[in-house]
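Text of query-v8.txt, listed as compact mmCIF, C-alpha atoms:
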```txt
# COMPACT_ATOMS: atom_id res chain seq x y z
CA MET A 6 17.14 32.01 -11.65
CA ASP A 7 15.70 30.78 -8.38
CA HIS A 8 16.16 32.59 -5.10
CA LEU A 9 16.86 30.31 -2.17
CA LEU A 10 17.35 31.62 1.38
CA GLY A 11 18.07 29.86 4.64
CA ILE A 12 18.45 30.91 8.28
CA VAL A 13 19.29 28.90 11.41
CA GLY A 14 17.46 30.02 14.54
CA ASP A 15 17.02 28.75 18.06
CA GLY A 16 16.21 25.08 17.53
CA PHE A 17 14.84 25.57 14.02
CA VAL A 18 15.85 26.17 10.42
CA MET A 19 13.85 28.44 8.10
CA LEU A 20 14.08 28.02 4.34
CA ALA A 21 12.54 30.31 1.75
CA ALA A 22 12.33 29.69 -1.99
CA ASP A 23 10.72 31.72 -4.73
CA GLU A 24 7.77 30.16 -6.49
CA LYS A 25 8.40 30.98 -10.11
CA VAL A 26 9.16 28.44 -12.82
CA ALA A 27 10.32 30.05 -16.04
CA HIS A 28 10.89 28.70 -19.54
CA SER A 29 12.88 31.15 -21.63
CA VAL A 30 11.00 34.46 -21.23
CA VAL A 31 7.72 32.92 -20.10
CA THR A 32 6.60 32.31 -16.52
CA MET A 33 5.25 28.76 -16.65
CA LYS A 34 4.15 28.60 -13.04
CA ASP A 35 4.14 31.07 -10.17
CA ASN A 36 3.21 28.85 -7.22
CA GLN A 37 5.74 26.05 -7.39
CA ASP A 38 6.89 24.56 -4.11
CA LYS A 39 10.65 24.27 -4.40
CA ILE A 40 11.16 23.09 -0.84
CA THR A 41 10.94 19.28 -0.74
CA VAL A 42 10.20 17.51 2.51
CA LEU A 43 12.84 14.81 2.75
CA ASP A 44 11.45 13.23 5.90
CA GLU A 45 10.04 14.32 9.27
CA THR A 46 13.18 16.23 10.22
CA LYS A 47 14.68 17.63 7.01
CA ILE A 48 13.74 19.92 4.16
CA LEU A 49 15.60 20.65 0.94
CA ALA A 50 15.25 23.79 -1.13
CA GLY A 51 16.46 23.22 -4.68
CA GLY A 52 17.09 25.67 -7.51
CA GLY A 53 18.62 25.67 -10.97
CA GLN A 54 17.69 23.62 -14.02
CA PHE A 55 14.14 22.67 -13.18
CA GLY A 56 14.15 19.16 -14.60
CA ASP A 57 17.42 18.32 -12.87
CA VAL A 58 16.15 19.80 -9.62
CA CYS A 59 13.02 17.63 -9.63
CA MET A 60 14.80 14.40 -10.51
CA PHE A 61 17.64 14.93 -8.11
CA THR A 62 15.69 16.09 -5.06
CA GLU A 63 13.24 13.20 -5.50
CA LEU A 64 16.15 10.77 -5.75
CA VAL A 65 17.57 12.10 -2.49
CA GLN A 66 14.14 11.95 -0.87
CA ARG A 67 13.54 8.32 -1.88
CA ASN A 68 16.99 7.17 -0.80
CA LEU A 69 16.58 8.81 2.58
CA GLN A 70 13.25 7.00 2.99
CA LEU A 71 14.92 3.72 2.07
CA TYR A 72 17.59 4.36 4.70
CA ASN A 73 14.84 5.04 7.24
CA LEU A 74 13.03 1.80 6.42
CA ARG A 75 16.17 -0.31 6.37
CA ASN A 76 17.58 0.96 9.63
CA GLY A 77 14.50 1.99 11.54
CA TYR A 78 15.66 5.57 12.13
CA PRO A 79 16.13 8.62 9.89
CA MET A 80 19.56 9.78 8.73
CA GLY A 81 21.12 12.69 10.59
CA VAL A 82 21.17 16.10 8.91
CA LYS A 83 24.92 16.15 8.31
CA ALA A 84 24.81 12.62 6.92
CA ALA A 85 21.96 13.50 4.60
CA ALA A 86 23.81 16.57 3.36
CA GLY A 87 26.96 14.53 2.90
CA TYR A 88 25.02 11.93 0.95
CA THR A 89 23.45 14.63 -1.24
CA ARG A 90 26.73 16.30 -2.09
CA THR A 91 28.40 12.99 -2.83
CA GLU A 92 25.66 12.10 -5.28
CA ILE A 93 26.04 15.45 -7.06
CA ALA A 94 29.81 15.04 -7.13
CA LYS A 95 29.52 11.51 -8.57
CA LEU A 96 27.28 12.79 -11.35
CA LEU A 97 29.59 15.67 -12.14
CA ARG A 98 31.87 13.78 -14.47
CA LYS A 99 29.14 11.70 -16.07
CA ASN A 100 25.88 13.56 -16.16
CA PRO A 101 26.14 16.94 -14.41
CA HIS A 102 23.02 18.16 -12.68
CA MET A 103 22.56 21.89 -12.46
CA VAL A 104 21.07 21.85 -8.95
CA ASN A 105 21.89 24.25 -6.12
CA MET A 106 20.49 23.36 -2.74
CA LEU A 107 19.97 24.43 0.82
CA LEU A 108 19.36 21.50 3.17
CA GLY A 109 17.99 22.34 6.60
CA GLY A 110 17.11 20.01 9.42
CA VAL A 111 17.06 19.34 13.13
CA ASP A 112 18.51 16.27 14.81
CA LYS A 113 20.14 15.41 18.12
CA HIS A 114 22.95 17.88 17.42
CA GLY A 115 20.48 20.71 16.99
CA PRO A 116 19.46 22.69 13.93
CA ALA A 117 21.78 22.72 10.91
CA LEU A 118 21.81 24.37 7.49
CA PHE A 119 23.95 23.05 4.65
CA TRP A 120 24.74 24.97 1.47
CA ILE A 121 25.37 22.65 -1.50
CA ASP A 122 26.06 23.81 -5.02
CA TYR A 123 25.98 22.08 -8.38
CA LEU A 124 29.67 21.13 -8.22
CA GLY A 125 29.28 19.29 -4.96
CA ASN A 126 30.67 22.00 -2.70
CA MET A 127 29.14 21.82 0.73
CA GLN A 128 29.34 24.12 3.73
CA LYS A 129 27.56 24.19 7.05
CA LEU A 130 26.29 27.73 7.54
CA ASP A 131 24.24 29.84 9.92
CA PHE A 132 22.60 31.55 6.99
CA GLY A 133 22.95 31.12 3.26
CA ALA A 134 21.50 31.87 -0.14
CA HIS A 135 21.60 30.67 -3.74
CA GLY A 136 20.81 32.52 -6.93
CA TYR A 137 20.72 36.21 -7.83
CA GLY A 138 18.65 36.87 -4.76
CA GLY A 139 21.68 35.95 -2.74
CA TYR A 140 23.53 39.06 -3.89
CA PHE A 141 20.98 41.18 -2.10
CA ALA A 142 19.99 38.87 0.73
CA LEU A 143 23.43 37.96 2.00
CA SER A 144 24.46 41.50 2.85
CA CYS A 145 21.13 41.96 4.55
CA MET A 146 21.68 38.80 6.59
CA ASP A 147 25.25 39.86 7.38
CA ARG A 148 23.87 43.04 8.88
CA TYR A 149 20.90 41.67 10.83
CA TYR A 150 21.56 38.01 11.63
CA ARG A 151 22.22 37.04 15.23
CA PRO A 152 22.82 33.44 16.36
CA GLY A 153 19.94 31.82 18.23
CA MET A 154 17.16 34.10 16.97
CA ASN A 155 13.61 33.26 17.89
CA ILE A 156 11.04 32.50 15.24
CA ASP A 157 9.62 36.02 15.05
CA ASP A 158 13.01 37.64 14.56
CA ALA A 159 13.83 35.05 11.90
CA LYS A 160 10.54 35.78 10.12
CA SER A 161 11.35 39.47 10.26
CA LEU A 162 14.81 38.95 8.85
CA MET A 163 13.50 36.72 6.08
CA LYS A 164 10.87 39.28 5.19
CA ARG A 165 13.48 42.02 5.10
CA CYS A 166 15.61 39.95 2.70
CA ILE A 167 12.65 39.17 0.46
CA GLU A 168 11.60 42.81 0.33
CA GLY A 169 15.17 43.75 -0.54
CA ILE A 170 15.26 41.26 -3.40
CA ASN A 171 11.96 42.45 -4.78
CA GLN A 172 13.05 46.05 -4.56
CA ARG A 173 16.35 45.72 -6.41
CA PHE A 174 16.38 42.58 -8.54
CA LEU A 175 15.68 43.17 -12.21
CA ILE A 176 12.88 40.58 -12.41
CA GLY A 177 10.74 41.69 -9.52
CA GLY A 178 7.53 40.53 -7.94
CA ALA A 179 8.78 37.20 -6.68
CA SER A 180 6.56 35.45 -4.17
CA PHE A 181 8.23 33.14 -1.70
CA LYS A 182 7.28 29.89 -0.04
CA VAL A 183 8.70 29.71 3.49
CA LYS A 184 9.03 26.54 5.54
CA VAL A 185 10.33 25.94 9.04
CA VAL A 186 11.68 22.69 10.45
CA ASP A 187 12.07 22.19 14.19
CA ALA A 188 11.92 19.40 16.71
CA GLN A 189 8.14 19.25 16.38
CA GLY A 190 8.24 18.81 12.64
CA ILE A 191 7.86 20.80 9.46
CA ARG A 192 5.37 23.58 8.79
CA GLU A 193 4.75 26.30 6.29
CA VAL A 194 4.98 29.88 7.44
CA ASP A 195 3.14 32.93 6.14
CA LEU A 196 5.14 36.14 6.11
CA SER A 197 2.39 38.45 4.92
CA ASP A 198 1.62 39.73 8.45
CA VAL A 199 5.22 40.25 9.42
CA GLN A 200 6.23 43.85 9.97
CA VAL A 201 9.80 44.76 9.24
CA ALA A 202 11.15 47.53 11.46
CA PRO A 203 12.39 50.41 9.31
CA GLU A 204 16.08 51.15 9.20
CA ALA A 205 17.11 53.51 11.98
CA ALA A 206 18.02 56.99 10.74
CA GLY A 207 21.67 57.90 10.68
CA ASN A 208 24.66 55.68 10.24
CA ALA A 209 23.54 52.09 10.53
CA MET A 210 27.11 50.99 11.15
CA GLU A 211 27.17 52.81 14.47
CA GLN A 212 24.83 50.31 16.08
CA MET B 15 14.74 -42.13 -6.08
CA SER B 16 14.19 -38.48 -5.17
CA SER B 17 17.90 -37.91 -4.51
CA ARG B 18 18.60 -38.10 -8.22
CA TYR B 19 16.28 -35.18 -8.90
CA ASP B 20 17.07 -32.67 -6.20
CA ARG B 21 20.68 -31.81 -7.01
CA ALA B 22 20.13 -28.99 -9.49
CA ILE B 23 16.72 -27.53 -8.90
CA THR B 24 16.02 -26.82 -12.53
CA VAL B 25 15.31 -30.50 -12.96
CA PHE B 26 11.82 -31.94 -12.67
CA SER B 27 11.39 -35.37 -11.18
CA PRO B 28 9.54 -37.95 -13.27
CA ASP B 29 6.35 -37.39 -11.35
CA GLY B 30 6.49 -33.62 -11.86
CA HIS B 31 7.98 -32.47 -8.56
CA LEU B 32 10.52 -29.76 -7.96
CA PHE B 33 12.07 -31.25 -4.88
CA GLN B 34 14.16 -28.26 -3.87
CA VAL B 35 11.04 -26.15 -3.77
CA GLU B 36 9.29 -28.72 -1.64
CA TYR B 37 12.28 -28.92 0.69
CA ALA B 38 12.15 -25.14 0.95
CA MET B 39 8.54 -25.43 2.08
CA GLU B 40 9.74 -27.89 4.72
CA ALA B 41 12.16 -25.28 5.94
CA VAL B 42 9.27 -22.86 6.21
CA ARG B 43 7.36 -25.38 8.29
CA LYS B 44 10.23 -25.39 10.75
CA GLY B 45 10.06 -21.63 11.32
CA THR B 46 7.98 -19.96 14.02
CA THR B 47 4.37 -19.21 13.21
CA ALA B 48 3.12 -15.98 11.71
CA VAL B 49 -0.53 -15.12 11.24
CA GLY B 50 -2.35 -12.35 9.40
CA VAL B 51 -6.00 -11.31 9.72
CA ARG B 52 -7.80 -8.88 7.45
CA GLY B 53 -10.60 -6.94 9.13
CA GLN B 54 -13.01 -4.51 7.61
CA ASN B 55 -10.66 -1.57 7.89
CA VAL B 56 -7.84 -3.01 9.92
CA LEU B 57 -5.05 -5.50 9.39
CA ILE B 58 -3.41 -7.58 12.10
CA LEU B 59 -0.08 -9.32 11.88
CA GLY B 60 0.94 -11.63 14.67
CA ALA B 61 4.10 -13.64 15.13
CA GLU B 62 5.30 -16.23 17.54
CA LYS B 63 8.54 -15.05 19.04
CA LYS B 64 11.28 -17.62 19.25
CA GLY B 65 12.66 -18.12 22.73
CA THR B 66 15.95 -16.27 23.02
CA ALA B 67 19.02 -17.45 24.83
CA LYS B 68 19.65 -15.94 28.25
CA LEU B 69 22.53 -13.73 27.18
CA GLN B 70 20.91 -12.71 23.93
CA GLN B 71 19.12 -9.38 23.83
CA PRO B 72 15.56 -9.90 22.71
CA ASN B 73 15.01 -8.26 19.35
CA THR B 74 11.46 -7.07 18.95
CA MET B 75 11.50 -6.35 15.24
CA ARG B 76 12.61 -9.58 13.72
CA LYS B 77 9.50 -11.27 12.39
CA ILE B 78 7.43 -8.30 11.29
CA CYS B 79 8.97 -5.55 9.14
CA ASN B 80 7.95 -2.38 7.35
CA LEU B 81 8.31 -2.41 3.62
CA ASP B 82 7.01 1.13 3.24
CA SER B 83 4.96 3.53 5.31
CA HIS B 84 1.75 1.67 4.37
CA ILE B 85 2.91 -1.94 3.91
CA CYS B 86 4.10 -4.54 6.41
CA LEU B 87 5.45 -8.03 6.00
CA ALA B 88 5.68 -11.05 8.29
CA PHE B 89 7.62 -14.15 7.33
CA ALA B 90 8.28 -17.71 8.44
CA GLY B 91 11.40 -19.69 7.67
CA LEU B 92 15.04 -18.76 7.21
CA THR B 93 15.60 -15.33 8.77
CA ALA B 94 18.66 -14.57 6.65
CA ASP B 95 16.77 -15.26 3.43
CA ALA B 96 14.00 -13.01 4.68
CA ARG B 97 16.43 -10.17 5.30
CA VAL B 98 17.62 -10.25 1.70
CA LEU B 99 14.11 -10.45 0.26
CA ILE B 100 12.80 -7.69 2.51
CA ASP B 101 15.64 -5.41 1.50
CA ARG B 102 14.86 -5.96 -2.17
CA ALA B 103 11.19 -5.28 -1.54
CA ARG B 104 11.98 -2.07 0.34
CA THR B 105 14.20 -0.86 -2.49
CA GLU B 106 11.48 -1.68 -4.99
CA CYS B 107 8.91 0.28 -3.00
CA GLN B 108 11.07 3.41 -3.08
CA SER B 109 12.09 2.88 -6.68
CA TYR B 110 8.44 2.61 -7.70
CA ARG B 111 7.64 5.79 -5.78
CA LEU B 112 10.49 7.57 -7.56
CA THR B 113 9.51 6.58 -11.08
CA LEU B 114 5.74 6.52 -10.75
CA GLU B 115 5.32 9.18 -8.01
CA ASP B 116 2.81 6.85 -6.43
CA PRO B 117 3.06 4.34 -3.58
CA VAL B 118 3.01 0.65 -4.49
CA SER B 119 -0.17 -1.32 -4.18
CA VAL B 120 -0.04 -4.38 -1.95
CA GLU B 121 -0.65 -6.63 -4.93
CA TYR B 122 2.22 -5.08 -6.88
CA ILE B 123 4.82 -5.55 -4.18
CA THR B 124 3.58 -9.07 -3.46
CA ARG B 125 3.88 -9.88 -7.14
CA HIS B 126 7.40 -8.47 -7.09
CA ILE B 127 8.43 -10.56 -4.07
CA ALA B 128 6.82 -13.68 -5.52
CA GLY B 129 8.56 -12.98 -8.82
CA ILE B 130 11.95 -12.93 -7.09
CA GLN B 131 11.11 -16.17 -5.28
CA GLN B 132 10.10 -17.81 -8.57
CA ARG B 133 13.26 -16.69 -10.32
CA TYR B 134 15.28 -18.64 -7.79
CA THR B 135 13.39 -21.82 -8.67
CA GLN B 136 14.35 -21.57 -12.31
CA SER B 137 18.02 -20.58 -12.25
CA GLY B 138 21.13 -22.69 -12.26
CA GLY B 139 23.22 -23.03 -9.18
CA VAL B 140 20.93 -21.22 -6.77
CA ARG B 141 18.50 -22.51 -4.20
CA PRO B 142 15.02 -21.15 -3.50
CA PHE B 143 14.37 -18.71 -0.64
CA GLY B 144 13.34 -20.70 2.40
CA ILE B 145 10.55 -18.36 3.45
CA SER B 146 6.85 -17.76 3.06
CA THR B 147 5.62 -14.24 3.59
CA ILE B 148 2.38 -12.53 4.58
CA VAL B 149 2.23 -9.04 3.04
CA VAL B 150 -0.38 -6.63 4.38
CA GLY B 151 -1.16 -3.05 3.60
CA PHE B 152 -3.71 -0.44 2.65
CA ASP B 153 -4.25 0.40 -0.99
CA ALA B 154 -4.97 3.82 -2.41
CA ASP B 155 -8.68 3.57 -1.71
CA ASN B 156 -7.88 2.73 1.91
CA LYS B 157 -9.04 -0.86 1.46
CA PRO B 158 -7.02 -3.40 3.45
CA ALA B 159 -5.28 -6.19 1.54
CA LEU B 160 -3.54 -9.36 2.72
CA TYR B 161 -1.41 -11.58 0.49
CA GLN B 162 0.67 -14.68 1.07
CA THR B 163 3.71 -15.85 -0.95
CA GLU B 164 5.50 -19.19 -0.91
CA PRO B 165 8.97 -20.46 -1.87
CA SER B 166 7.55 -21.68 -5.17
CA GLY B 167 6.74 -18.11 -6.11
CA THR B 168 2.97 -18.44 -5.95
CA PHE B 169 0.94 -15.75 -4.27
CA SER B 170 -2.70 -15.17 -3.54
CA ALA B 171 -4.95 -12.93 -1.48
CA TRP B 172 -6.41 -14.18 1.78
CA LYS B 173 -8.88 -13.04 4.40
CA ALA B 174 -6.69 -14.65 7.05
CA ALA B 175 -3.47 -16.61 6.62
CA ALA B 176 -1.01 -18.58 8.70
CA ILE B 177 2.51 -19.74 7.87
CA GLY B 178 5.27 -21.60 9.68
CA ARG B 179 5.13 -24.11 12.47
CA SER B 180 1.68 -25.67 13.02
CA SER B 181 0.24 -23.40 10.37
CA LYS B 182 -2.17 -26.16 9.45
CA SER B 183 -3.88 -26.15 12.84
CA VAL B 184 -3.88 -22.34 12.95
CA ARG B 185 -5.46 -22.21 9.51
CA GLU B 186 -8.09 -24.73 10.56
CA PHE B 187 -8.86 -22.59 13.61
CA LEU B 188 -9.16 -19.49 11.44
CA GLU B 189 -11.40 -21.30 8.96
CA LYS B 190 -13.70 -22.19 11.81
CA GLU B 191 -13.68 -18.88 13.62
CA TYR B 192 -13.27 -16.25 10.90
CA ASN B 193 -16.41 -14.43 9.86
CA ASP B 194 -17.13 -10.85 8.88
CA GLU B 195 -18.75 -9.92 12.19
CA ALA B 196 -15.81 -11.17 14.20
CA VAL B 197 -13.36 -8.90 12.38
CA GLU B 198 -15.57 -5.85 11.98
CA THR B 199 -13.82 -3.97 14.79
CA GLU B 200 -10.10 -3.60 15.42
CA GLU B 201 -10.51 -5.27 18.78
CA GLY B 202 -12.32 -8.22 17.26
CA ALA B 203 -9.62 -8.73 14.68
CA ILE B 204 -6.86 -8.54 17.29
CA LYS B 205 -8.70 -11.06 19.43
CA LEU B 206 -8.99 -13.46 16.54
CA ALA B 207 -5.29 -13.15 15.69
CA VAL B 208 -4.24 -13.65 19.30
CA ARG B 209 -6.56 -16.61 19.80
CA SER B 210 -5.29 -18.28 16.66
CA LEU B 211 -1.69 -17.84 17.80
CA LEU B 212 -2.54 -19.25 21.20
CA GLU B 213 -3.35 -22.50 19.46
CA VAL B 214 0.35 -23.06 18.92
CA VAL B 215 2.06 -20.91 21.51
CA GLU B 216 2.11 -21.79 25.19
CA SER B 217 -0.34 -19.37 26.75
CA GLY B 218 0.86 -17.06 29.49
CA SER B 219 4.34 -16.90 28.04
CA LYS B 220 6.05 -13.80 26.68
CA ASN B 221 5.97 -15.19 23.19
CA LEU B 222 3.38 -13.08 21.42
CA GLU B 223 3.87 -10.01 19.26
CA VAL B 224 0.88 -8.43 17.50
CA ARG B 225 1.13 -5.55 15.05
CA PRO B 226 -1.89 -3.80 13.60
CA PRO B 227 -1.22 -1.25 10.83
CA SER B 228 -3.57 1.70 10.97
CA PRO B 229 -5.53 2.56 7.84
CA SER B 230 -4.01 5.96 7.07
CA LEU B 231 -2.39 5.87 3.68
CA GLY B 232 -0.21 8.87 4.37
CA GLY B 233 1.88 7.27 6.92
CA LYS B 234 2.12 5.96 10.32
CA ILE B 235 1.69 2.32 11.12
CA LYS B 236 0.71 1.74 14.73
CA PHE B 237 2.27 -1.08 16.63
CA LEU B 238 0.64 -2.85 19.52
CA ASN B 239 2.79 -5.18 21.51
CA VAL B 240 0.74 -7.83 23.21
CA HIS B 241 2.90 -9.39 25.83
CA ALA B 242 2.47 -12.01 28.46
CA ARG B 243 -1.05 -11.12 29.41
CA ALA B 244 -2.53 -12.31 26.14
CA ASN B 245 -5.25 -14.08 28.06
CA CYS B 246 -6.79 -10.86 29.31
CA TRP B 247 -7.93 -10.04 25.79
CA LEU B 248 -10.11 -13.09 25.76
CA SER B 249 -11.94 -12.48 28.97
```

Could the structure of this file be written out as structure tokens, please?
Amino acid sequence: MDHLLGIVGDGFVMLAADEKVAHSVVTMKDNQDKITVLDETKILAGGGQFGDVCMFTELVQRNLQLYNLRNGYPMGVKAAAGYTRTEIAKLLRKNPHMVNMLLGGVDKHGPALFWIDYLGNMQKLDFGAHGYGGYFALSCMDRYYRPGMNIDDAKSLMKRCIEGINQRFLIGGASFKVKVVDAQGIREVDLSDVQVAPEAAGNAMEQ
Amino acid sequence: MSSRYDRAITVFSPDGHLFQVEYAMEAVRKGTTAVGVRGQNVLILGAEKKGTAKLQQPNTMRKICNLDSHICLAFAGLTADARVLIDRARTECQSYRLTLEDPVSVEYITRHIAGIQQRYTQSGGVRPFGISTIVVGFDADNKPALYQTEPSGTFSAWKAAAIGRSSKSVREFLEKEYNDEAVETEEGAIKLAVRSLLEVVESGSKNLEVRPPSPSLGGKIKFLNVHARANCWLS
């Protein structure tokens, strides 16, 4: 199962997705980019049934481009998320797509992260996760997330979550692709140099 | 005589004319001029802007439109028909990208547009689109391409093309002045396009709009608005 993580920071959204593509018990690929660039201001991390994920995220990407060309401006983040979830919901009774997504983007209302699952549920969140990795990452984010973090703190938090997943999840050794979208655009981020501060000794709840 | 053969357009006249198609070309000749010039690695689209009423807000995007991030289109004729055709072309560009995971070539999308125009000359109860188009863009090998379509559904590639009002005199000017040295640089190509438009437009007026797409396949198309001081380019 794919691990998808997302964090909203100060004027940016950071998405992380693992890079493994599996077929039954075999790892088919270990450097897959699961974060699609929808346009200059939005990225979409997709996980689940790999074929469905590819077809659906590309469909969303192409329709957002068409909107851009027709109207001369890109869709807002909330509108794009709403469009995505409506498409999933429409397919649900005809041709269900097993695709879980995190859509992150920045527009005139600021940064926004939307959690969308394969049934068409959608929520706007400050941080979110899909997949088994979420079981470990969400409690970590609950503990350490603060609204309006700067990019370094967000990198640190993301690294902490990823290390947690790799420590405890049964299928370990997942590598992650991390992308950040802000007002200047979209870029990939390397977490290998990020140091995570160790947990303070004593009762962590007292802080 | 001709009135008996232009009711339903599927009917040929005795001397082999499709009158509705020819009337559509007349409608094109009433529209404002559009010109396209293909340089060595640059493409210029220029359009004569129709004078707007005093209370109307001038709309800068009407004659020249993006079909995709690497393809532009200029038209002459019925604006409403153009809107419909452009929308279909835009949808086709994205649909092609979705299925083939590759951007369209200029020739493909021109063939698609021309195909739609032809279909409306061979169906019952519909009239042809009253527009000619100039489609420009950069293909995968970064080579510039310029095509022209007509209401009949024909299309062909051109080094420089003109459609709309007084297109005949503009084309004659281009035939005289176009040569490979003149369009080697971006500036040279822009000059040629502007000069050819000045043949039909009153010089010194705010009626010129020139758009050169830049050769990067990945994306951005640069727009240059040449306004009233078109004459300064020539000096």

Given only C-alpha atoms, how would the per-residue table for chain B near chain A read, listing every residue at most 8 Å away with its closest atom pair and distance in Å to one decimal, sorted by chain and number, as JSON lines?
```
{"residue": "B:Asn80", "atom": "CA", "partner": "A:Leu74", "partner_atom": "CA", "distance": 6.6}
{"residue": "B:Leu81", "atom": "CA", "partner": "A:Leu74", "partner_atom": "CA", "distance": 6.9}
{"residue": "B:Asp82", "atom": "CA", "partner": "A:Leu74", "partner_atom": "CA", "distance": 6.8}
{"residue": "B:Asp101", "atom": "CA", "partner": "A:Arg75", "partner_atom": "CA", "distance": 7.1}
{"residue": "B:Arg104", "atom": "CA", "partner": "A:Leu71", "partner_atom": "CA", "distance": 6.7}
{"residue": "B:Thr105", "atom": "CA", "partner": "A:Leu71", "partner_atom": "CA", "distance": 6.5}
{"residue": "B:Gln108", "atom": "CA", "partner": "A:Arg67", "partner_atom": "CA", "distance": 5.6}
{"residue": "B:Ser109", "atom": "CA", "partner": "A:Arg67", "partner_atom": "CA", "distance": 7.4}
{"residue": "B:Arg111", "atom": "CA", "partner": "A:Arg67", "partner_atom": "CA", "distance": 7.5}
{"residue": "B:Leu112", "atom": "CA", "partner": "A:Arg67", "partner_atom": "CA", "distance": 6.5}
```

Practice task
Kindly give the distance, in Å, that separates atom CA of Met106 of chain A and atom CA of Val194 of chain A, rounded to a single decimal.
Solution key: 19.7 Å

Exercise for the section: Name the residues, using the chain letters and numbers of the file, that sit within 12 Å of (-12.3, -11.7, 16.6) when counting all atoms listed in the file, and give them as a count of residues only. Expected result: 33

Exercise for the section: Place a sphere of radius 12 Å on (29.6, 14.1, 1.0) in the file coordinates and name every protein, DNA or RNA residue with an atom inside or on its surface, counting all atoms listed in the file; give the answer as a PyMOL selection string. Expected result: chain A and resi 82-95+119-122+124-129

Need the axis-aligned box for segment 114-131 of chain A with 6 Å each side, so what are the centre and edges in Å to one decimal, as AutoDock Vina command-line options?
```
--center_x 25.1 --center_y 23.9 --center_z 4.5 --size_x 23.2 --size_y 24.0 --size_z 37.8
```

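Summary of the local environment: counting all atoms listed in the file, residues at most 12 Å from Arg192 of chain A, other than itself and those fewer than 2 positions away along its chain, are Phe17, Val18, Met19, Leu20, Ile40, Thr41, Val42, Glu45, Thr46, Lys47, Ile48, Lys182, Val183, Lys184, Val185, Val186, Asp187, Ala188, Gln189, Gly190, Val194 and Asp195 of chain A.
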
Extract, using only C-alpha atoms, all DNA, RNA and protein residues at most 7 Å from segment 156-170 of chain B, discarding same-chain residues fewer than 4 positions from it, and format them as an mmCIF file with C-alpha atoms, in the coordinates of the input.
```cif
data_model
loop_
_atom_site.group_PDB
_atom_site.id
_atom_site.type_symbol
_atom_site.label_atom_id
_atom_site.label_comp_id
_atom_site.auth_asym_id
_atom_site.auth_seq_id
_atom_site.Cartn_x
_atom_site.Cartn_y
_atom_site.Cartn_z
ATOM 1 C CA VAL B 35 11.040 -26.150 -3.770
ATOM 2 C CA ALA B 38 12.150 -25.140 0.950
ATOM 3 C CA MET B 39 8.540 -25.430 2.080
ATOM 4 C CA ARG B 52 -7.800 -8.880 7.450
ATOM 5 C CA ASN B 55 -10.660 -1.570 7.890
ATOM 6 C CA VAL B 56 -7.840 -3.010 9.920
ATOM 7 C CA LEU B 57 -5.050 -5.500 9.390
ATOM 8 C CA VAL B 120 -0.040 -4.380 -1.950
ATOM 9 C CA THR B 124 3.580 -9.070 -3.460
ATOM 10 C CA ALA B 128 6.820 -13.680 -5.520
ATOM 11 C CA GLY B 129 8.560 -12.980 -8.820
ATOM 12 C CA GLN B 131 11.110 -16.170 -5.280
ATOM 13 C CA GLN B 132 10.100 -17.810 -8.570
ATOM 14 C CA THR B 135 13.390 -21.820 -8.670
ATOM 15 C CA PRO B 142 15.020 -21.150 -3.500
ATOM 16 C CA PHE B 143 14.370 -18.710 -0.640
ATOM 17 C CA GLY B 144 13.340 -20.700 2.400
ATOM 18 C CA ILE B 145 10.550 -18.360 3.450
ATOM 19 C CA SER B 146 6.850 -17.760 3.060
ATOM 20 C CA THR B 147 5.620 -14.240 3.590
ATOM 21 C CA ILE B 148 2.380 -12.530 4.580
ATOM 22 C CA VAL B 149 2.230 -9.040 3.040
ATOM 23 C CA VAL B 150 -0.380 -6.630 4.380
ATOM 24 C CA GLY B 151 -1.160 -3.050 3.600
ATOM 25 C CA PHE B 152 -3.710 -0.440 2.650
ATOM 26 C CA PRO B 229 -5.530 2.560 7.840
ATOM 27 C CA LEU B 231 -2.390 5.870 3.680
#
```

Exercise for the section: Could you tell me how far atom CA of Asp23 of chain A lies from atom CA of Leu97 of chain A, in Å and to one decimal? Expected result: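 Computing the Euclidean distance for atom CA of Asp23 of chain A and atom CA of Leu97 of chain A yields 25.9 Å.
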
Handout entry: Proximity to Leu175 of chain A - best of A:Pro152, A:Asn100, A:Ile191, A:Phe141, all atoms listed in the file
Key = A:Phe141

Problem - d(atom CA of Val184 of chain B, atom CA of Gly45 of chain B) in Å - result: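 According to the coordinates, atom CA of Val184 of chain B and atom CA of Gly45 of chain B are separated by 14.1 Å.
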